[in-house]
file coords.csv (CSV, C-alpha atoms)
chain,number,residue,atom,x,y,z
H,149,MET,CA,69.0,244.2,184.5
H,150,ASP,CA,67.9,245.0,180.9
H,151,LYS,CA,70.5,242.6,179.5
H,152,GLU,CA,69.4,239.9,181.9
H,153,ARG,CA,65.8,240.3,180.8
H,154,THR,CA,66.9,240.2,177.2
H,155,TYR,CA,68.8,236.9,177.8
H,156,ARG,CA,65.8,235.4,179.6
H,157,ALA,CA,63.5,236.4,176.7
H,158,LEU,CA,66.0,235.1,174.1
H,159,LEU,CA,66.7,231.7,175.6
H,160,PRO,CA,63.2,230.2,175.1
H,161,ALA,CA,63.0,231.8,171.7
H,162,LEU,CA,66.3,230.2,170.7
H,163,LEU,CA,65.3,226.8,172.1
H,164,ALA,CA,62.0,227.0,170.2
H,165,ALA,CA,63.8,228.0,167.0
H,166,GLY,CA,66.1,225.0,167.4
H,167,VAL,CA,63.2,222.6,168.0
H,168,LEU,CA,61.4,224.1,165.0
H,169,ALA,CA,64.5,223.8,162.8
H,170,LEU,CA,65.0,220.2,163.7
H,171,SER,CA,61.3,219.4,163.2
H,172,ILE,CA,61.4,221.0,159.7
H,173,GLY,CA,64.6,219.2,158.9
H,174,PHE,CA,63.0,215.9,160.0
H,175,LEU,CA,59.9,216.5,157.9
H,176,THR,CA,61.7,217.7,154.7
H,177,SER,CA,64.8,215.5,154.7
H,178,ALA,CA,65.0,212.4,152.5
H,179,LYS,CA,64.6,209.2,154.6
H,180,LYS,CA,67.1,206.4,154.0
H,181,ASP,CA,66.2,202.8,154.1
H,182,PHE,CA,69.7,201.6,155.1
H,183,SER,CA,72.3,203.0,157.4
H,184,GLU,CA,75.7,202.3,155.9
H,185,ASN,CA,77.4,203.4,159.1
H,186,GLU,CA,75.5,200.9,161.3
H,187,ASN,CA,75.2,198.3,158.5
H,188,ARG,CA,71.5,197.8,159.2
H,189,TYR,CA,68.1,198.6,157.7
H,190,LEU,CA,66.4,201.5,159.4
H,191,GLN,CA,62.8,201.4,160.8
H,192,ALA,CA,60.3,202.1,158.1
H,193,PHE,CA,57.1,204.2,158.8
H,194,PRO,CA,54.7,201.7,160.4
H,195,GLN,CA,51.4,200.8,158.9
H,196,LEU,CA,48.5,202.1,160.9
H,197,THR,CA,46.1,199.3,161.9
H,198,TRP,CA,43.8,198.8,164.8
H,199,GLU,CA,45.7,195.6,165.8
H,200,ALA,CA,49.0,197.5,165.9
H,201,VAL,CA,47.5,200.4,168.0
H,202,GLU,CA,45.8,197.9,170.4
H,203,SER,CA,49.0,195.9,170.9
H,204,GLY,CA,51.2,199.0,171.3
H,205,SER,CA,53.5,197.9,168.5
H,206,PHE,CA,52.5,201.0,166.4
H,207,MET,CA,53.8,203.4,169.0
H,208,GLU,CA,57.0,201.3,169.5
H,209,GLU,CA,57.7,201.4,165.8
H,210,ILE,CA,56.9,205.1,165.5
H,211,ASN,CA,59.4,205.7,168.3
H,212,SER,CA,62.0,203.6,166.5
H,213,TYR,CA,61.2,205.5,163.2
H,214,LEU,CA,61.8,208.9,164.9
H,215,CYS,CA,65.0,207.7,166.5
H,216,ASP,CA,66.4,206.2,163.3
H,217,HIS,CA,65.6,209.3,161.1
H,218,PHE,CA,66.4,212.1,163.6
H,219,PRO,CA,68.3,214.9,161.8
H,220,PHE,CA,72.1,214.7,162.3
H,221,ARG,CA,71.6,211.5,164.3
H,222,ASP,CA,75.1,210.1,163.8
H,223,LEU,CA,76.7,213.5,164.7
H,224,PHE,CA,74.7,213.8,168.0
H,225,ILE,CA,75.5,210.2,168.9
H,226,SER,CA,79.2,210.8,168.3
H,227,LEU,CA,79.3,214.0,170.3
H,228,LYS,CA,77.5,212.2,173.2
H,229,THR,CA,80.0,209.3,173.0
H,230,ARG,CA,83.0,211.5,172.9
H,231,THR,CA,81.8,213.5,175.9
H,232,GLU,CA,81.3,210.4,177.9
H,233,ILE,CA,84.7,209.0,177.1
H,234,LEU,CA,86.4,212.4,177.9
H,235,ALA,CA,84.5,212.3,181.2
H,236,GLY,CA,86.1,208.9,182.0
H,237,ARG,CA,83.4,206.5,181.0
H,238,ARG,CA,84.9,203.2,179.9
H,239,GLN,CA,81.8,201.3,178.8
H,240,ILE,CA,79.4,202.4,176.1
H,241,GLY,CA,76.5,200.0,175.9
H,242,GLN,CA,78.0,196.6,175.5
H,243,VAL,CA,81.4,197.9,174.3
H,244,TYR,CA,84.4,198.4,176.5
H,245,VAL,CA,86.8,201.3,175.8
H,246,GLY,CA,90.1,199.5,176.2
H,247,GLU,CA,93.8,200.3,176.1
H,248,GLU,CA,95.7,201.2,173.0
H,249,GLY,CA,92.6,202.3,171.1
H,250,TYR,CA,90.7,199.0,171.3
H,251,LEU,CA,87.0,198.9,171.4
H,252,ILE,CA,86.1,195.4,172.7
H,253,GLU,CA,82.7,193.8,172.7
H,254,ALA,CA,81.5,192.4,176.0
H,255,TYR,CA,80.8,188.7,176.1
H,256,GLN,CA,77.2,187.7,177.0
H,257,LYS,CA,77.0,184.2,178.3
H,258,PRO,CA,74.9,182.2,175.7
H,259,GLN,CA,71.4,181.0,176.6
H,260,ASN,CA,71.3,178.2,174.0
H,261,THR,CA,74.5,176.3,174.7
H,262,GLU,CA,72.9,172.8,175.1
H,263,GLN,CA,70.7,173.3,172.0
H,264,ILE,CA,73.6,174.5,169.9
H,265,ALA,CA,75.8,171.6,171.0
H,266,GLY,CA,73.0,169.2,170.2
H,267,ILE,CA,72.6,170.6,166.7
H,268,LEU,CA,76.3,170.1,166.1
H,269,LYS,CA,76.2,166.6,167.4
H,270,THR,CA,73.2,165.7,165.2
H,271,PHE,CA,75.1,167.1,162.1
H,272,ALA,CA,78.1,164.9,162.9
H,273,GLU,CA,75.9,161.8,163.4
H,274,LYS,CA,74.4,162.3,160.0
H,275,LEU,CA,77.9,161.9,158.5
H,276,GLU,CA,79.1,158.9,160.6
H,277,ASP,CA,78.9,156.6,157.6
H,278,GLN,CA,80.7,159.0,155.3
H,279,PRO,CA,84.5,158.9,154.6
H,280,VAL,CA,85.0,162.4,155.9
H,281,GLU,CA,86.8,164.0,158.8
H,282,VAL,CA,84.6,166.5,160.7
H,283,ASP,CA,86.3,169.2,162.8
H,284,LEU,CA,84.9,172.0,165.0
H,285,MET,CA,86.8,175.3,165.6
H,286,LEU,CA,85.2,177.8,168.0
H,287,VAL,CA,87.2,181.0,167.8
H,288,PRO,CA,87.6,183.1,171.0
H,289,THR,CA,87.0,186.8,170.6
H,290,ALA,CA,89.1,189.8,171.6
H,291,VAL,CA,87.6,189.9,175.0
H,292,CYS,CA,89.4,186.6,175.7
H,293,ILE,CA,92.7,187.1,173.9
H,294,TYR,CA,93.1,190.8,174.7
H,295,GLU,CA,91.7,190.6,178.2
H,296,ASP,CA,94.7,192.6,179.4
H,297,LYS,CA,93.5,195.6,177.3
H,298,LEU,CA,90.1,195.8,179.0
H,299,PRO,CA,89.4,198.6,181.4
H,300,ALA,CA,89.6,197.9,185.2
H,301,LEU,CA,85.8,198.0,185.5
H,302,ALA,CA,85.4,195.0,183.2
H,303,PHE,CA,84.7,191.6,184.8
H,304,SER,CA,88.1,189.8,184.8
H,305,GLY,CA,86.7,186.4,184.1
H,306,LEU,CA,85.1,187.1,180.7
H,307,GLY,CA,87.8,185.2,178.8
H,308,LYS,CA,87.6,182.2,181.1
H,309,GLU,CA,83.8,182.2,180.9
H,310,GLN,CA,84.0,182.2,177.1
H,311,LEU,CA,86.5,179.3,177.0
H,312,ALA,CA,84.4,177.3,179.5
H,313,THR,CA,81.4,177.6,177.3
H,314,ALA,CA,83.5,176.5,174.3
H,315,ALA,CA,84.7,173.5,176.2
H,316,GLN,CA,81.1,172.6,177.1
H,317,ILE,CA,80.1,172.7,173.5
H,318,TYR,CA,83.1,170.7,172.3
H,319,GLU,CA,82.3,168.0,174.9
H,320,THR,CA,78.6,167.7,174.2
H,321,ALA,CA,78.9,167.9,170.4
H,322,ALA,CA,81.5,165.2,170.5
H,323,ILE,CA,83.2,166.6,167.3
H,324,HIS,CA,86.9,166.6,167.0
H,325,GLN,CA,88.0,170.0,168.3
H,326,ILE,CA,90.6,172.3,166.8
H,327,ASP,CA,91.4,174.8,169.5
H,328,CYS,CA,93.0,177.9,168.1
H,329,THR,CA,93.2,179.7,171.5
H,330,GLN,CA,96.8,178.8,172.2
H,331,ALA,CA,97.8,179.6,168.7
H,332,LEU,CA,96.3,183.1,169.1
H,333,LEU,CA,98.0,183.6,172.5
H,334,ASP,CA,101.4,182.4,171.0
H,335,HIS,CA,101.1,185.0,168.3
H,336,LYS,CA,100.3,187.7,170.8
H,337,LYS,CA,103.7,189.0,171.5
H,338,GLU,CA,105.6,192.3,171.6
H,339,GLY,CA,105.8,193.8,168.1
H,340,ALA,CA,103.5,191.3,166.5
H,341,GLU,CA,100.6,192.4,164.3
H,342,PRO,CA,97.2,192.8,165.9
H,343,LEU,CA,95.1,189.7,166.0
H,344,TYR,CA,91.8,191.5,166.2
H,345,TYR,CA,90.7,194.8,164.7
H,346,LYS,CA,90.4,197.7,167.2
H,347,LEU,CA,87.1,198.9,165.7
H,348,ASP,CA,85.5,195.7,164.5
H,349,HIS,CA,84.5,192.3,166.0
H,350,HIS,CA,86.4,190.2,163.5
H,351,TRP,CA,90.0,188.8,163.8
H,352,THR,CA,92.5,190.4,161.5
H,353,THR,CA,94.0,188.6,158.6
H,354,TYR,CA,97.0,187.9,160.9
H,355,GLY,CA,94.6,186.5,163.5
H,356,ALA,CA,93.0,184.3,160.8
H,357,TYR,CA,96.4,183.0,159.8
H,358,ALA,CA,97.1,182.0,163.5
H,359,GLY,CA,93.8,180.0,163.3
H,360,TYR,CA,94.9,178.5,160.0
H,361,LEU,CA,98.2,177.4,161.6
H,362,ALA,CA,96.3,175.7,164.4
H,363,PHE,CA,94.1,173.9,161.8
H,364,CYS,CA,97.1,172.7,159.8
H,365,ARG,CA,99.0,171.5,162.9
H,366,GLU,CA,96.0,169.5,164.2
H,367,LYS,CA,95.3,168.0,160.7
H,368,GLY,CA,99.0,167.2,159.9
H,369,LEU,CA,99.0,169.6,156.9
H,370,GLU,CA,101.9,171.7,155.7
H,371,PRO,CA,100.9,175.4,156.1
H,372,VAL,CA,101.7,178.0,153.5
H,373,ALA,CA,104.2,180.5,154.8
H,374,LEU,CA,103.3,184.2,154.7
H,375,GLU,CA,106.5,185.1,153.0
H,376,ASP,CA,105.5,182.9,150.1
H,377,LEU,CA,102.3,185.0,149.5
H,378,GLU,CA,101.9,188.4,148.1
H,379,MET,CA,100.5,190.9,150.6
H,380,GLU,CA,98.5,194.0,149.7
H,381,VAL,CA,97.0,196.6,152.0
H,382,ALA,CA,93.5,196.8,150.6
H,383,THR,CA,92.5,199.8,152.8
H,384,LYS,CA,93.8,201.9,155.6
H,385,ASP,CA,90.4,203.3,156.5
H,386,PHE,CA,88.5,200.4,158.0
H,387,ARG,CA,86.0,201.3,160.7
H,388,GLY,CA,83.9,198.3,161.5
H,389,THR,CA,80.9,197.1,163.5
H,390,ILE,CA,82.1,198.1,167.0
H,391,TYR,CA,83.0,201.6,165.7
H,392,SER,CA,79.4,201.9,164.5
H,393,LYS,CA,78.0,200.9,167.9
H,394,VAL,CA,80.1,203.6,169.6
H,395,ASN,CA,80.3,206.2,166.8
H,396,ASP,CA,83.4,207.9,168.1
H,397,TYR,CA,84.5,209.9,165.0
H,398,SER,CA,87.9,210.8,166.5
H,399,ARG,CA,89.2,207.2,166.0
H,400,PRO,CA,91.4,206.7,162.9
H,401,GLY,CA,90.7,203.8,160.5
H,402,GLU,CA,92.6,200.6,160.3
H,403,GLU,CA,94.4,198.5,157.7
H,404,ILE,CA,92.9,195.4,156.1
H,405,LYS,CA,95.6,193.2,154.6
H,406,VAL,CA,95.0,190.6,151.9
H,407,TYR,CA,97.2,187.8,150.8
H,408,THR,CA,97.3,186.2,147.4
H,409,ASP,CA,99.1,182.9,146.4
H,410,PRO,CA,100.9,183.6,143.1
H,411,SER,CA,101.1,179.9,142.4
H,412,ALA,CA,97.4,179.3,142.7
H,413,ALA,CA,94.9,179.1,139.7
H,414,LEU,CA,91.5,179.9,141.2
H,415,THR,CA,88.0,179.6,140.0
H,416,VAL,CA,85.5,181.1,142.4
H,417,PHE,CA,81.8,180.4,141.7
H,418,TYR,CA,79.0,182.1,143.5
H,419,GLU,CA,76.0,179.8,143.2
H,420,ASP,CA,73.3,182.3,144.0
H,421,THR,CA,74.4,184.9,141.5
H,422,GLY,CA,76.1,182.6,138.9
H,423,GLU,CA,79.1,184.9,139.0
H,424,THR,CA,82.6,183.3,138.3
H,425,THR,CA,85.8,185.1,139.2
H,426,ASP,CA,89.5,184.2,139.8
H,427,SER,CA,89.8,186.2,143.0
H,428,LEU,CA,88.8,185.7,146.6
H,429,TYR,CA,88.5,189.4,147.1
H,430,ALA,CA,85.9,191.9,146.0
H,431,LEU,CA,88.0,195.1,146.3
H,432,ASP,CA,85.2,197.4,145.4
H,433,TYR,CA,84.1,197.1,149.0
H,434,VAL,CA,87.0,199.3,150.1
H,435,GLU,CA,84.9,202.2,148.8
H,436,LYS,CA,82.0,201.3,151.1
H,437,LYS,CA,81.5,201.3,154.9
H,438,ASP,CA,81.3,197.5,155.1
H,439,LYS,CA,84.9,197.0,154.0
H,440,TYR,CA,85.3,193.5,155.7
H,441,SER,CA,82.9,192.2,153.0
H,442,LEU,CA,85.8,192.4,150.5
H,443,PHE,CA,86.6,188.8,151.7
H,444,LEU,CA,84.5,186.4,149.5
H,445,ASN,CA,82.3,189.2,148.3
H,446,ASN,CA,80.0,189.5,151.4
H,447,LEU,CA,77.2,187.0,152.0
H,448,HIS,CA,76.4,184.0,149.8
H,449,PRO,CA,74.7,180.7,150.5
H,450,LEU,CA,77.3,178.6,148.7
H,451,ILE,CA,80.6,179.4,147.1
H,452,GLN,CA,82.7,176.8,145.3
H,453,ILE,CA,86.4,177.5,145.1
H,454,THR,CA,88.7,175.4,143.0
H,455,ASN,CA,92.5,175.7,142.9
H,456,GLU,CA,93.7,173.8,139.9
H,457,LYS,CA,97.3,174.1,141.0
H,458,ALA,CA,96.8,172.5,144.4
H,459,GLU,CA,99.1,169.6,145.0
H,460,THR,CA,96.2,167.5,146.5
H,461,ASP,CA,92.8,166.2,145.6
H,462,ARG,CA,91.3,166.9,149.1
H,463,GLY,CA,88.0,168.7,149.2
H,464,LEU,CA,86.8,170.8,152.1
H,465,VAL,CA,83.3,171.8,153.2
H,466,LEU,CA,83.5,174.9,155.3
H,467,ILE,CA,80.4,175.7,157.4
H,468,LYS,CA,81.0,179.1,158.9
H,469,ASP,CA,80.3,182.6,160.0
H,470,SER,CA,82.2,185.6,158.6
H,471,TYR,CA,85.3,184.9,160.7
H,472,ALA,CA,86.2,182.1,158.2
H,473,ASN,CA,86.1,184.4,155.2
H,474,SER,CA,89.5,185.8,155.9
H,475,MET,CA,91.0,182.3,156.5
H,476,VAL,CA,90.0,180.9,153.1
H,477,PRO,CA,92.9,182.5,151.3
H,478,PHE,CA,95.2,180.3,153.3
H,479,LEU,CA,93.1,177.2,153.1
H,480,ILE,CA,93.3,177.1,149.3
H,481,HIS,CA,96.9,175.9,149.6
H,482,ASN,CA,95.8,172.7,151.3
H,483,PHE,CA,92.6,171.8,149.3
H,484,LYS,CA,91.8,171.5,145.7
H,485,THR,CA,88.2,172.3,146.2
H,486,ILE,CA,86.5,174.3,149.0
H,487,TYR,CA,82.7,174.5,149.4
H,488,VAL,CA,81.9,177.5,151.6
H,489,PHE,CA,78.4,177.4,153.2
H,490,ASP,CA,76.6,180.2,155.0
H,491,THR,CA,73.7,178.2,156.4
H,492,ARG,CA,71.7,181.4,157.3
H,493,TYR,CA,70.9,181.4,153.5
H,494,TYR,CA,71.6,177.9,152.3
H,495,LYS,CA,68.3,176.0,152.9
H,496,TRP,CA,69.0,172.5,151.7
H,497,GLY,CA,71.3,171.2,154.4
H,498,PRO,CA,75.1,170.7,153.9
H,499,SER,CA,74.9,167.1,155.2
H,500,ALA,CA,72.9,166.0,152.1
H,501,PHE,CA,75.4,167.9,149.9
H,502,ILE,CA,78.3,166.1,151.5
H,503,GLN,CA,76.7,162.8,151.0
H,504,GLU,CA,76.3,163.6,147.3
H,505,HIS,CA,79.8,164.9,146.7
H,506,GLY,CA,82.5,162.2,146.8
H,507,ASP,CA,85.3,164.7,146.5
H,508,VAL,CA,84.7,166.0,150.0
H,509,THR,CA,87.2,164.6,152.4
H,510,ASP,CA,87.1,167.2,155.3
H,511,VAL,CA,84.4,169.2,157.0
H,512,LEU,CA,85.3,172.3,159.1
H,513,ILE,CA,82.7,174.0,161.2
H,514,LEU,CA,84.0,177.5,162.2
H,515,TYR,CA,82.2,180.0,164.4
H,516,ASN,CA,83.3,182.8,166.7
H,517,MET,CA,82.1,182.6,170.3
H,518,ASN,CA,80.5,186.0,170.5
H,519,THR,CA,77.8,185.5,167.9
H,520,LEU,CA,77.4,181.7,168.1
H,521,ASP,CA,74.4,182.0,170.4
H,522,THR,CA,72.4,184.2,168.0
H,523,ASP,CA,73.7,183.0,164.7
H,524,LEU,CA,70.7,181.5,162.9
H,525,GLY,CA,73.0,179.6,160.6
H,526,ILE,CA,74.1,177.2,163.3
H,527,ARG,CA,70.5,175.9,163.5
H,528,GLY,CA,70.4,175.0,159.9
H,529,ILE,CA,73.7,173.1,159.4
H,530,TYR,CA,72.1,169.7,158.8

call {"tool": "encode", "arguments": {"input": "coords.csv", "output": "structure tokens"}}
result
Amino acid sequence: MDKERTYRALLPALLAAGVLALSIGFLTSAKKDFSENENRYLQAFPQLTWEAVESGSFMEEINSYLCDHFPFRDLFISLKTRTEILAGRRQIGQVYVGEEGYLIEAYQKPQNTEQIAGILKTFAEKLEDQPVEVDLMLVPTAVCIYEDKLPALAFSGLGKEQLATAAQIYETAAIHQIDCTQALLDHKKEGAEPLYYKLDHHWTTYGAYAGYLAFCREKGLEPVALEDLEMEVATKDFRGTIYSKVNDYSRPGEEIKVYTDPSAALTVFYEDTGETTDSLYALDYVEKKDKYSLFLNNLHPLIQITNEKAETDRGLVLIKDSYANSMVPFLIHNFKTIYVFDTRYYKWGPSAFIQEHGDVTDVLILYNMNTLDTDLGIRGIY
């Protein structure tokens, strides 16, 4: 009986001590502005104003601030996730826990399909009088190509829904389509390399190569063979965006492979920083969380890439999201100059740029289907 009374007395004291320790830890710990693990800026302490209090935004931001800066936040989230998975849960937020270690983002049917298709159509119409070929590649995501790895609870029509949306955009935009879906499915075979990362939303370098082959086939270009390139494993410890959403620390990192053409003579110019280099890779990113940014040195409004050894004078304008970054090392084989636009940051309109640059012969618009609906760059392409 005495032991029971002691336990009853100790339990509230221990809980109170734990709450006090966490509170002290919260108040005394240094607050970060940026979460490298989640690759996003954390909520700053909100400014106290009457308007913010009246609208309720002050309390919302305070709540976000407390959640973002809670002591050992990543550890607690990881423990929660691991417990849920061990208990049999196969969906964490908008991420499916798939077979063979895959974490696969769910596909949310876009709300702005007609608007996006109309923007693409307007862009193409602005170039109707230009001697350029305009192509559109909408890349399916892992939820489509690796539908067989989804857990049983997942809606089985996610892949078909994604492809149907892509078909609608192709039809309305009236731009020549380059469908890489079949190429990805053809490369998905026993013993083949993964086409998508298990812990990130991007396709792998091998997946990008499959997309490149589809592009070359449709354009009548001779693709560079992988065996003619030099391969390097840049890192074996890549844990990407989907890993950060789930925070399951038990999952091992993945490889990122990079390919270099030994016959190329490259000049890579970043217009915003004025930096010039001879490499398509910024390998210092392998020491950071955001390792995929080693392709084309993360985000830049405009990059000009010239291959002096290219056996062609063709020039390509590439308007894209980050999926295209890992395809560029293959495209340099088929174009002397590539202008890479990220229209989230380039504010002057690629259509005017194309009209002013007579060396441009081809335009490729490349976006993945999962972020197309929310990518602000698609709204600024003309």

call {"tool": "closest_residue", "arguments": {"input": "coords.csv", "among": "H:Ile267, H:Leu284, H:Leu361, H:Leu251", "to": "Met475 (chain H)", "atoms": "all atoms listed in the file"}}
result
H:Leu361

call {"tool": "closest_residue", "arguments": {"input": "coords.csv", "among": "H:Thr270, H:Ser427, H:Gln195, H:Ser205", "to": "Ile323 (chain H)", "atoms": "all atoms listed in the file"}}
result
H:Thr270

call {"tool": "closest_residue", "arguments": {"input": "coords.csv", "among": "H:Asp490, H:Asp461, H:Glu319, H:Asp432", "to": "Val508 (chain H)", "atoms": "only C-alpha atoms"}}
result
H:Asp461

call {"tool": "residues_around", "arguments": {"input": "coords.csv", "residues": "Leu414 (chain H)", "least_positions_apart": "2", "cutoff": "8 Å", "atoms": "all atoms listed in the file", "output": "MDAnalysis selection string"}}
result
chainID H and resid 412 416 425:427 453:456

call {"tool": "residues_around", "arguments": {"input": "coords.csv", "residues": "Asn516 (chain H)", "least_positions_apart": "3", "cutoff": "10 Å", "atoms": "all atoms listed in the file", "output": "list in words"}}
result
Met285, Leu286, Val287, Pro288, Thr289, Ala314, His349, His350, Trp351, Lys468, Asp469, Ser470, Tyr471, Ala472, Thr519, Leu520, Asp521 and Asp523 of chain H

call {"tool": "closest_residue", "arguments": {"input": "coords.csv", "among": "H:Thr408, H:Tyr487, H:Lys384, H:Glu419", "to": "Lys439 (chain H)", "atoms": "only C-alpha atoms"}}
result
H:Lys384

call {"tool": "closest_residue", "arguments": {"input": "coords.csv", "among": "H:Val488, H:Ala302, H:Val434, H:Ile317", "to": "Leu268 (chain H)", "atoms": "all atoms listed in the file"}}
result
H:Ile317
